[in-house]
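Asker: Hey, dropping start08.cif in here, mmCIF, C-alpha atoms and all ligand atoms:
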```
data_coords
loop_
_atom_site.label_atom_id
_atom_site.label_comp_id
_atom_site.auth_asym_id
_atom_site.auth_seq_id
_atom_site.Cartn_x
_atom_site.Cartn_y
_atom_site.Cartn_z
CA MET A 1 -68.20 35.75 20.11
CA GLU A 2 -66.47 33.39 17.67
CA LYS A 3 -67.34 29.69 18.19
CA GLN A 4 -64.33 27.64 19.30
CA THR A 5 -63.37 24.63 17.18
CA ILE A 6 -63.80 21.34 19.05
CA LYS A 7 -60.46 19.59 19.48
CA ILE A 8 -60.43 15.77 19.49
CA GLY A 9 -57.39 13.90 20.81
CA LEU A 10 -56.45 10.65 19.05
CA PRO A 11 -54.01 8.41 20.98
CA ARG A 12 -51.48 7.08 18.44
CA ALA A 13 -51.86 3.45 19.52
CA MET A 14 -54.10 0.38 19.16
CA LEU A 15 -57.12 1.07 16.91
CA TYR A 16 -55.57 4.33 15.67
CA TYR A 17 -53.53 2.21 13.26
CA ARG A 18 -56.72 0.72 11.81
CA TYR A 19 -59.04 3.71 11.93
CA ARG A 20 -56.83 6.81 11.68
CA VAL A 21 -58.21 7.81 8.26
CA LEU A 22 -61.81 7.14 9.29
CA TRP A 23 -61.47 9.16 12.50
CA ARG A 24 -59.53 12.09 11.12
CA THR A 25 -61.78 12.47 8.06
CA PHE A 26 -64.96 12.19 10.11
CA PHE A 27 -64.00 14.88 12.63
CA GLN A 28 -62.49 17.17 10.01
CA GLU A 29 -65.59 16.88 7.76
CA LEU A 30 -67.61 18.20 10.71
CA GLY A 31 -65.20 21.10 11.17
CA MET A 32 -63.44 19.70 14.23
CA GLU A 33 -59.71 19.62 14.80
CA THR A 34 -57.80 16.43 15.58
CA VAL A 35 -54.66 16.22 17.71
CA VAL A 36 -52.59 13.04 17.51
CA SER A 37 -50.12 12.10 20.25
CA ALA A 38 -46.45 11.93 19.21
CA PRO A 39 -44.94 8.57 18.12
CA THR A 40 -44.18 6.15 20.96
CA ASP A 41 -40.89 6.66 22.80
CA ARG A 42 -39.49 5.39 26.11
CA GLU A 43 -41.39 8.04 28.05
CA THR A 44 -44.72 6.97 26.52
CA LEU A 45 -44.05 3.39 27.59
CA GLU A 46 -42.92 4.35 31.09
CA ARG A 47 -45.97 6.57 31.66
CA GLY A 48 -48.32 3.88 30.37
CA THR A 49 -46.68 1.15 32.42
CA ALA A 50 -47.06 3.22 35.58
CA LEU A 51 -50.79 3.65 34.84
CA ALA A 52 -51.56 0.04 33.87
CA ILE A 53 -51.97 -3.07 35.96
CA ASP A 54 -49.04 -5.52 35.66
CA GLU A 55 -51.12 -8.02 33.67
CA ALA A 56 -51.94 -5.51 30.91
CA CYS A 57 -50.49 -6.28 27.48
CA LEU A 58 -47.68 -4.13 26.12
CA SER A 59 -50.06 -2.57 23.54
CA LEU A 60 -52.39 -1.39 26.30
CA LYS A 61 -49.53 0.05 28.36
CA ILE A 62 -48.37 2.02 25.33
CA TYR A 63 -51.96 3.14 24.66
CA LEU A 64 -52.32 4.52 28.18
CA GLY A 65 -49.05 6.42 27.72
CA HIS A 66 -50.51 8.04 24.61
CA VAL A 67 -53.75 8.96 26.39
CA ALA A 68 -51.70 10.52 29.21
CA ALA A 69 -49.80 12.60 26.64
CA LEU A 70 -53.10 14.06 25.36
CA VAL A 71 -54.67 14.87 28.73
CA GLY A 72 -55.32 18.62 28.98
CA LYS A 73 -54.46 19.23 25.32
CA CYS A 74 -57.90 18.70 23.75
CA ASP A 75 -61.62 18.95 24.51
CA TYR A 76 -62.18 15.21 24.18
CA ILE A 77 -59.98 12.14 23.86
CA LEU A 78 -61.53 9.49 21.65
CA ALA A 79 -61.87 6.08 23.32
CA PRO A 80 -64.36 3.93 21.38
CA ARG A 81 -65.89 0.68 22.48
CA VAL A 82 -65.58 -1.74 19.58
CA SER A 83 -66.98 -5.06 20.75
CA ASN A 84 -67.82 -6.99 17.60
CA PHE A 85 -69.04 -6.77 14.01
CA GLY A 86 -71.49 -9.66 14.43
CA ARG A 87 -71.33 -13.34 15.38
CA HIS A 88 -67.81 -14.85 15.35
CA ARG A 89 -66.47 -11.38 14.59
CA ALA A 90 -65.36 -10.26 18.05
CA MET A 91 -62.65 -7.84 19.03
CA CYS A 92 -60.27 -8.46 21.93
CA THR A 93 -61.98 -7.67 25.24
CA ARG A 94 -59.53 -4.77 25.78
CA PHE A 95 -61.40 -2.89 23.03
CA GLU A 96 -64.72 -3.67 24.65
CA ALA A 97 -63.54 -2.20 27.94
CA MET A 98 -61.66 0.80 26.55
CA PRO A 99 -64.00 3.72 27.48
CA ASP A 100 -64.55 2.41 31.03
CA LEU A 101 -60.87 1.70 31.44
CA VAL A 102 -59.64 5.17 30.44
CA ARG A 103 -62.36 6.96 32.41
CA ASN A 104 -61.31 4.99 35.46
CA VAL A 105 -57.54 5.36 35.00
CA PHE A 106 -57.83 9.12 34.39
CA ARG A 107 -60.68 9.74 36.87
CA ASN A 108 -58.69 12.40 38.73
CA GLU A 109 -57.97 14.42 35.58
CA ARG A 110 -60.31 17.10 34.32
CA GLN A 111 -60.51 15.48 30.92
CA GLU A 112 -63.57 14.55 28.84
CA PHE A 113 -63.59 11.32 26.83
CA LEU A 114 -65.61 10.73 23.70
CA SER A 115 -66.84 7.31 22.73
CA TYR A 116 -68.91 5.37 20.23
CA GLU A 117 -70.06 1.80 20.53
CA VAL A 118 -70.00 -0.91 17.89
CA ASP A 119 -71.78 -4.08 19.01
CA GLU A 120 -73.65 -5.73 16.17
CA GLU A 121 -74.19 -9.01 17.96
CA MET A 122 -75.96 -7.95 21.15
CA LYS A 123 -77.14 -4.40 20.48
CA LYS A 124 -77.45 -4.43 16.67
CA ALA A 125 -75.33 -1.28 16.71
CA GLY A 126 -73.18 -1.04 13.59
CA GLU A 127 -70.43 1.47 12.95
CA GLU A 128 -72.57 3.96 11.01
CA ASP A 129 -75.22 4.09 13.77
CA ALA A 130 -72.45 4.46 16.35
CA PHE A 131 -70.93 7.44 14.53
CA LEU A 132 -74.38 8.99 14.10
CA GLU A 133 -74.98 8.82 17.85
CA MET A 134 -71.53 10.24 18.59
CA GLY A 135 -71.92 13.13 16.11
CA LYS A 136 -75.42 14.02 17.35
CA GLY A 137 -74.11 13.88 20.91
CA LEU A 138 -71.60 16.56 19.95
CA GLY A 139 -74.46 18.75 18.71
CA PHE A 140 -74.24 18.22 14.94
CA PRO A 141 -77.37 17.66 12.80
CA ALA A 142 -77.98 14.03 11.72
CA LYS A 143 -77.71 14.91 8.02
CA ALA A 144 -74.24 16.45 8.42
CA VAL A 145 -73.05 13.54 10.57
CA LYS A 146 -74.22 10.96 8.01
CA LYS A 147 -72.47 12.86 5.23
CA ALA A 148 -69.25 13.07 7.27
CA TYR A 149 -69.36 9.34 8.06
CA LYS A 150 -69.88 8.41 4.40
CA ALA A 151 -66.92 10.57 3.33
CA ALA A 152 -64.79 9.14 6.14
CA LYS A 153 -65.66 5.52 5.35
CA LYS A 154 -64.91 6.09 1.67
CA ALA A 155 -61.52 7.62 2.53
CA GLU A 156 -60.71 4.76 4.93
CA LEU A 157 -61.55 2.02 2.43
CA SER A 158 -59.63 3.69 -0.35
CA HIS A 159 -56.59 4.17 1.94
CA HIS A 160 -56.66 0.48 2.89
CA ARG A 161 -57.02 -0.56 -0.78
CA GLU A 162 -53.99 1.55 -1.70
CA ARG A 163 -51.90 -0.02 1.06
CA VAL A 164 -52.97 -3.53 0.01
CA GLN A 165 -51.96 -2.76 -3.60
CA LYS A 166 -48.60 -1.49 -2.39
CA TYR A 167 -47.98 -4.71 -0.44
CA GLU A 168 -49.11 -6.82 -3.44
CA GLN A 169 -46.18 -5.28 -5.34
CA GLN A 170 -43.77 -6.39 -2.57
CA TYR A 171 -44.47 -10.05 -3.38
CA LYS A 172 -43.15 -9.47 -6.91
CA LYS A 173 -39.79 -8.16 -5.68
CA GLU A 174 -36.56 -10.15 -5.98
CA GLY A 175 -34.96 -11.64 -2.86
CA LEU A 176 -36.14 -13.15 0.42
CA LYS A 177 -39.61 -12.20 1.55
CA VAL A 178 -40.84 -12.55 5.11
CA LEU A 179 -44.50 -12.28 6.13
CA ILE A 180 -45.11 -10.45 9.41
CA ALA A 181 -48.24 -11.71 11.15
CA ALA A 182 -49.22 -9.10 13.73
CA HIS A 183 -51.91 -6.67 14.76
CA SER A 184 -51.30 -3.37 12.91
CA TYR A 185 -50.63 -1.50 16.17
CA VAL A 186 -47.92 -4.03 17.04
CA ALA A 187 -46.42 -4.13 13.53
CA GLU A 188 -46.32 -0.35 13.05
CA ASP A 189 -45.52 1.06 16.47
CA PRO A 190 -41.94 2.40 16.50
CA TYR A 191 -41.42 0.95 19.99
CA MET A 192 -42.72 -2.50 19.05
CA GLY A 193 -42.84 -4.14 15.63
CA ARG A 194 -41.44 -1.34 13.49
CA MET A 195 -37.93 -2.40 14.53
CA VAL A 196 -38.63 -5.79 12.95
CA SER A 197 -39.50 -4.46 9.49
CA ASP A 198 -36.70 -1.88 9.73
CA TYR A 199 -34.18 -4.65 10.49
CA LEU A 200 -35.45 -6.85 7.64
CA LYS A 201 -35.13 -3.98 5.16
CA ARG A 202 -31.61 -3.22 6.41
CA VAL A 203 -30.44 -6.76 5.71
CA GLY A 204 -32.03 -6.85 2.25
CA VAL A 205 -35.16 -8.88 3.14
CA VAL A 206 -38.56 -7.73 1.85
CA PRO A 207 -41.08 -7.47 4.74
CA VAL A 208 -44.73 -8.09 3.88
CA ARG A 209 -47.75 -7.96 6.15
CA ALA A 210 -50.37 -10.67 6.69
CA ASP A 211 -53.05 -8.09 7.56
CA MET A 212 -52.49 -6.03 4.40
CA VAL A 213 -55.07 -7.93 2.36
CA ASP A 214 -58.64 -7.47 1.27
CA ARG A 215 -60.45 -7.90 4.59
CA ASP A 216 -63.56 -9.70 3.28
CA ALA A 217 -61.48 -12.14 1.26
CA ALA A 218 -59.22 -12.75 4.28
CA LEU A 219 -62.17 -13.52 6.56
CA LYS A 220 -63.31 -16.19 4.07
CA ARG A 221 -59.82 -17.68 3.61
CA SER A 222 -59.22 -17.76 7.41
CA ARG A 223 -61.54 -20.79 7.57
CA GLU A 224 -58.84 -22.86 5.84
CA LEU A 225 -56.75 -22.53 9.00
CA SER A 226 -59.51 -22.22 11.59
CA PRO A 227 -63.27 -22.39 11.04
CA THR A 228 -63.92 -21.34 14.64
CA CYS A 229 -61.52 -18.47 15.44
CA LYS A 230 -63.74 -15.71 16.81
CA TRP A 231 -61.47 -12.67 16.78
CA GLU A 232 -61.94 -10.41 13.77
CA ILE A 233 -58.35 -9.16 13.48
CA SER A 234 -56.88 -12.63 14.11
CA ARG A 235 -59.12 -13.96 11.34
CA GLU A 236 -57.86 -11.30 8.95
CA ILE A 237 -54.29 -12.32 9.80
CA LEU A 238 -55.10 -16.04 9.39
CA GLY A 239 -56.68 -15.26 6.02
CA GLY A 240 -53.61 -13.26 4.98
CA ILE A 241 -51.38 -16.22 5.86
CA ALA A 242 -53.63 -18.63 3.93
CA MET A 243 -53.45 -16.31 0.91
CA HIS A 244 -49.70 -15.69 0.93
CA LYS A 245 -47.85 -18.48 2.75
CA ASP A 246 -46.62 -19.89 -0.57
CA ASP A 247 -45.32 -16.50 -1.75
CA VAL A 248 -42.87 -15.98 1.14
CA ASP A 249 -39.67 -17.57 2.49
CA GLY A 250 -40.60 -17.27 6.18
CA ILE A 251 -43.26 -16.05 8.61
CA ILE A 252 -42.74 -14.01 11.78
CA LEU A 253 -45.52 -14.28 14.34
CA LEU A 254 -45.14 -11.01 16.17
CA SER A 255 -47.03 -10.35 19.42
CA ALA A 256 -47.17 -8.05 22.41
CA PHE A 257 -46.77 -9.79 25.80
CA PRO A 258 -49.11 -11.09 27.22
CA CYS A 259 -51.66 -11.32 24.40
CA GLY A 260 -54.47 -13.84 24.98
CA PRO A 261 -55.75 -14.05 21.38
CA ASP A 262 -52.22 -14.32 19.91
CA ALA A 263 -51.20 -17.03 22.39
CA MET A 264 -53.99 -19.24 21.01
CA VAL A 265 -53.89 -18.19 17.37
CA ASN A 266 -50.10 -18.36 17.00
CA GLU A 267 -50.08 -21.87 18.45
CA LEU A 268 -52.74 -22.80 15.91
CA ILE A 269 -50.69 -21.29 13.07
CA THR A 270 -47.52 -23.17 14.04
CA ARG A 271 -49.48 -26.45 14.08
CA ARG A 272 -51.41 -25.94 10.84
CA VAL A 273 -49.05 -24.08 8.53
CA LYS A 274 -46.34 -26.46 7.36
CA GLY A 275 -43.36 -26.08 5.07
CA VAL A 276 -42.53 -22.42 5.88
CA PRO A 277 -39.88 -21.47 8.49
CA MET A 278 -41.55 -19.59 11.34
CA LEU A 279 -40.33 -17.37 14.15
CA ASN A 280 -42.50 -16.63 17.18
CA LEU A 281 -41.43 -13.26 18.54
CA VAL A 282 -43.14 -11.93 21.66
CA LEU A 283 -42.26 -8.36 22.59
CA ASP A 284 -42.43 -7.00 26.13
CA SER A 285 -41.31 -3.77 27.75
CA GLN A 286 -37.84 -5.27 28.31
CA SER A 287 -37.29 -6.40 24.70
CA GLY A 288 -34.27 -4.39 23.65
CA THR A 289 -33.45 -3.86 19.98
CA ALA A 290 -30.25 -5.93 20.32
CA GLY A 291 -32.03 -9.06 21.63
CA VAL A 292 -34.71 -8.86 18.92
CA GLU A 293 -32.13 -8.31 16.18
CA THR A 294 -30.11 -11.35 17.30
CA ARG A 295 -33.18 -13.56 16.97
CA LEU A 296 -34.04 -12.06 13.59
CA GLU A 297 -30.47 -12.55 12.38
CA SER A 298 -30.55 -16.26 13.30
CA PHE A 299 -33.95 -16.68 11.65
CA ILE A 300 -32.79 -15.11 8.38
CA ASP A 301 -29.61 -17.25 8.46
CA ILE A 302 -31.75 -20.39 8.88
CA ILE A 303 -33.92 -19.42 5.87
CA ARG A 304 -30.83 -18.66 3.76
CA PHE A 305 -29.17 -21.91 4.84
CA GLN A 306 -32.30 -23.96 4.00
CA GLU A 307 -32.54 -22.30 0.60
CA GLY A 308 -28.84 -22.96 -0.04
CA LYS A 309 -28.06 -19.23 -0.06
CA LEU A 310 -25.61 -19.34 2.85
S1 LIG B 1 -55.28 -8.54 20.96
FE1 LIG B 1 -53.52 -8.87 22.34
S2 LIG B 1 -52.17 -7.12 22.00
FE2 LIG B 1 -54.18 -6.59 21.21
S3 LIG B 1 -55.22 -5.56 22.88
FE3 LIG B 1 -55.80 -7.71 22.99
S4 LIG B 1 -54.34 -8.62 24.42
FE4 LIG B 1 -53.48 -6.66 23.77
#
```
Take the structure in the file and give it back as structure tokens.
Answerer:
Amino acid sequence: MEKQTIKIGLPRAMLYYRYRVLWRTFFQELGMETVVSAPTDRETLERGTALAIDEACLSLKIYLGHVAALVGKCDYILAPRVSNFGRHRAMCTRFEAMPDLVRNVFRNERQEFLSYEVDEEMKKAGEEDAFLEMGKGLGFPAKAVKKAYKAAKKAELSHHRERVQKYEQQYKKEGLKVLIAAHSYVAEDPYMGRMVSDYLKRVGVVPVRADMVDRDAALKRSRELSPTCKWEISREILGGIAMHKDDVDGIILLSAFPCGPDAMVNELITRRVKGVPMLNLVLDSQSGTAGVETRLESFIDIIRFQEGKL
């Protein structure tokens, strides 16, 4: 009998926006199929909200909606545990809890979850080891898994480099430029931050992204704003701001409500970055497009007024 291809579900939320190329390439290199949930819409949010506790951040509610959309459509749904990449390089605790959380929320469904664990600080488990364990657990030989990981990592790094180069070009464009400081899953989700960049483009403003920078360089530059910030992604964003604050006309601090790391880091940014107009925009499940656009419109007017362009 012909062997069935293993189907892996990838929820289009949270770390998908950082690791989509790594994940897809890895599974495809091993001959598996990947299924990605459809872009976020109102139904995704409503399903996720019904599954989450009230205190969960908007990103997590959306994530659970995406997991729900994949239940029963694949052999495994990927839910990694990414705790840290070493000392002072932690991820938000939501990512540490992810496999336990989804297994618990979907405990009544007949759905398997697949995980890998990155915890360099406590368990000395780096990403490559974590993928090796996951691949072997699925029954693939170590040699094939290592080869697939190397190809996937190469593809991921080259994809990120290309995106960084594309954003570097944006700084050279004519007109107002606004730096969006947000986690990628907030900035790119069509039900969260995408409406911000879409609006800016519509009114002739060039949106740029604080996290679209060389990650190692950003981690080093983040120390200029905070030598002690412990969250990896926040540090990349801080580094991106340090690198580009003088190349833009304004900064939008864009968060999902209620985000613990952003509440601290955005406060720090508003205190330490001077001389650039800043807008703190916190999105929740009630944030309609109209309300967000009104705030963006006022912010752009303020920048234009200050620059004598209004
Ligand atoms: S960093 Fe903030 S938005 Fe992201 S998962 Fe954690 S609490 Fe949610």
Asker: Set the distance at 12 Å and use all atoms listed in the file: which residues neighbour Arg215 (chain A) once local chain neighbours fewer than 6 positions away are removed? I'd like the list as a list in words.
Answerer: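 Final neighbour list, sorted by chain and number: Arg18, Leu157, His160, Arg161, Val164, Arg221, Ser222, Glu232, Ile233, Ser234, Arg235, Glu236, Ile237, Leu238, Gly239, Gly240 and Met243 of chain A.
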Asker: Suppose you want the space between CA of Lys150 (chain A) and CA of Arg94 (chain A); what is it in Å?
Answerer: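 CA of Arg94 (chain A) lies 27.2 Å from CA of Lys150 (chain A).
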Asker: Around ligand LIG 1 (chain B), out to 7 Å and counting all atoms listed in the file, which residues are there? I want them as a list in words.
Answerer: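 Final answer, ordered by chain and number: Cys57, Leu58, Ser59, Leu60, Cys92, Thr93, Arg94, Phe95, His183, Ser255, Ala256, Pro258, Cys259, Gly260, Pro261 and Asp262 of chain A.
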Asker: Sorted by chain and rising residue number, which residues of region 130-235 of chain A lie within 8 Å of region 28-38 of chain A, and what are their closest atom pairs and distances in Å to one decimal, counting only C-alpha atoms, as CSV?
Answerer:
```
residue,atom,partner,partner_atom,distance
A:Phe140,CA,A:Leu30,CA,7.9
A:Ala144,CA,A:Leu30,CA,7.2
A:Val145,CA,A:Leu30,CA,7.2
A:Ala148,CA,A:Glu29,CA,5.3
A:Ala151,CA,A:Glu29,CA,7.8
A:Ala152,CA,A:Glu29,CA,7.9
```
Asker: Mind pulling up the distance from CA of Ala97 (chain A) to CA of Glu133 (chain A)?
Answerer: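 So the answer is 18.8 Å.
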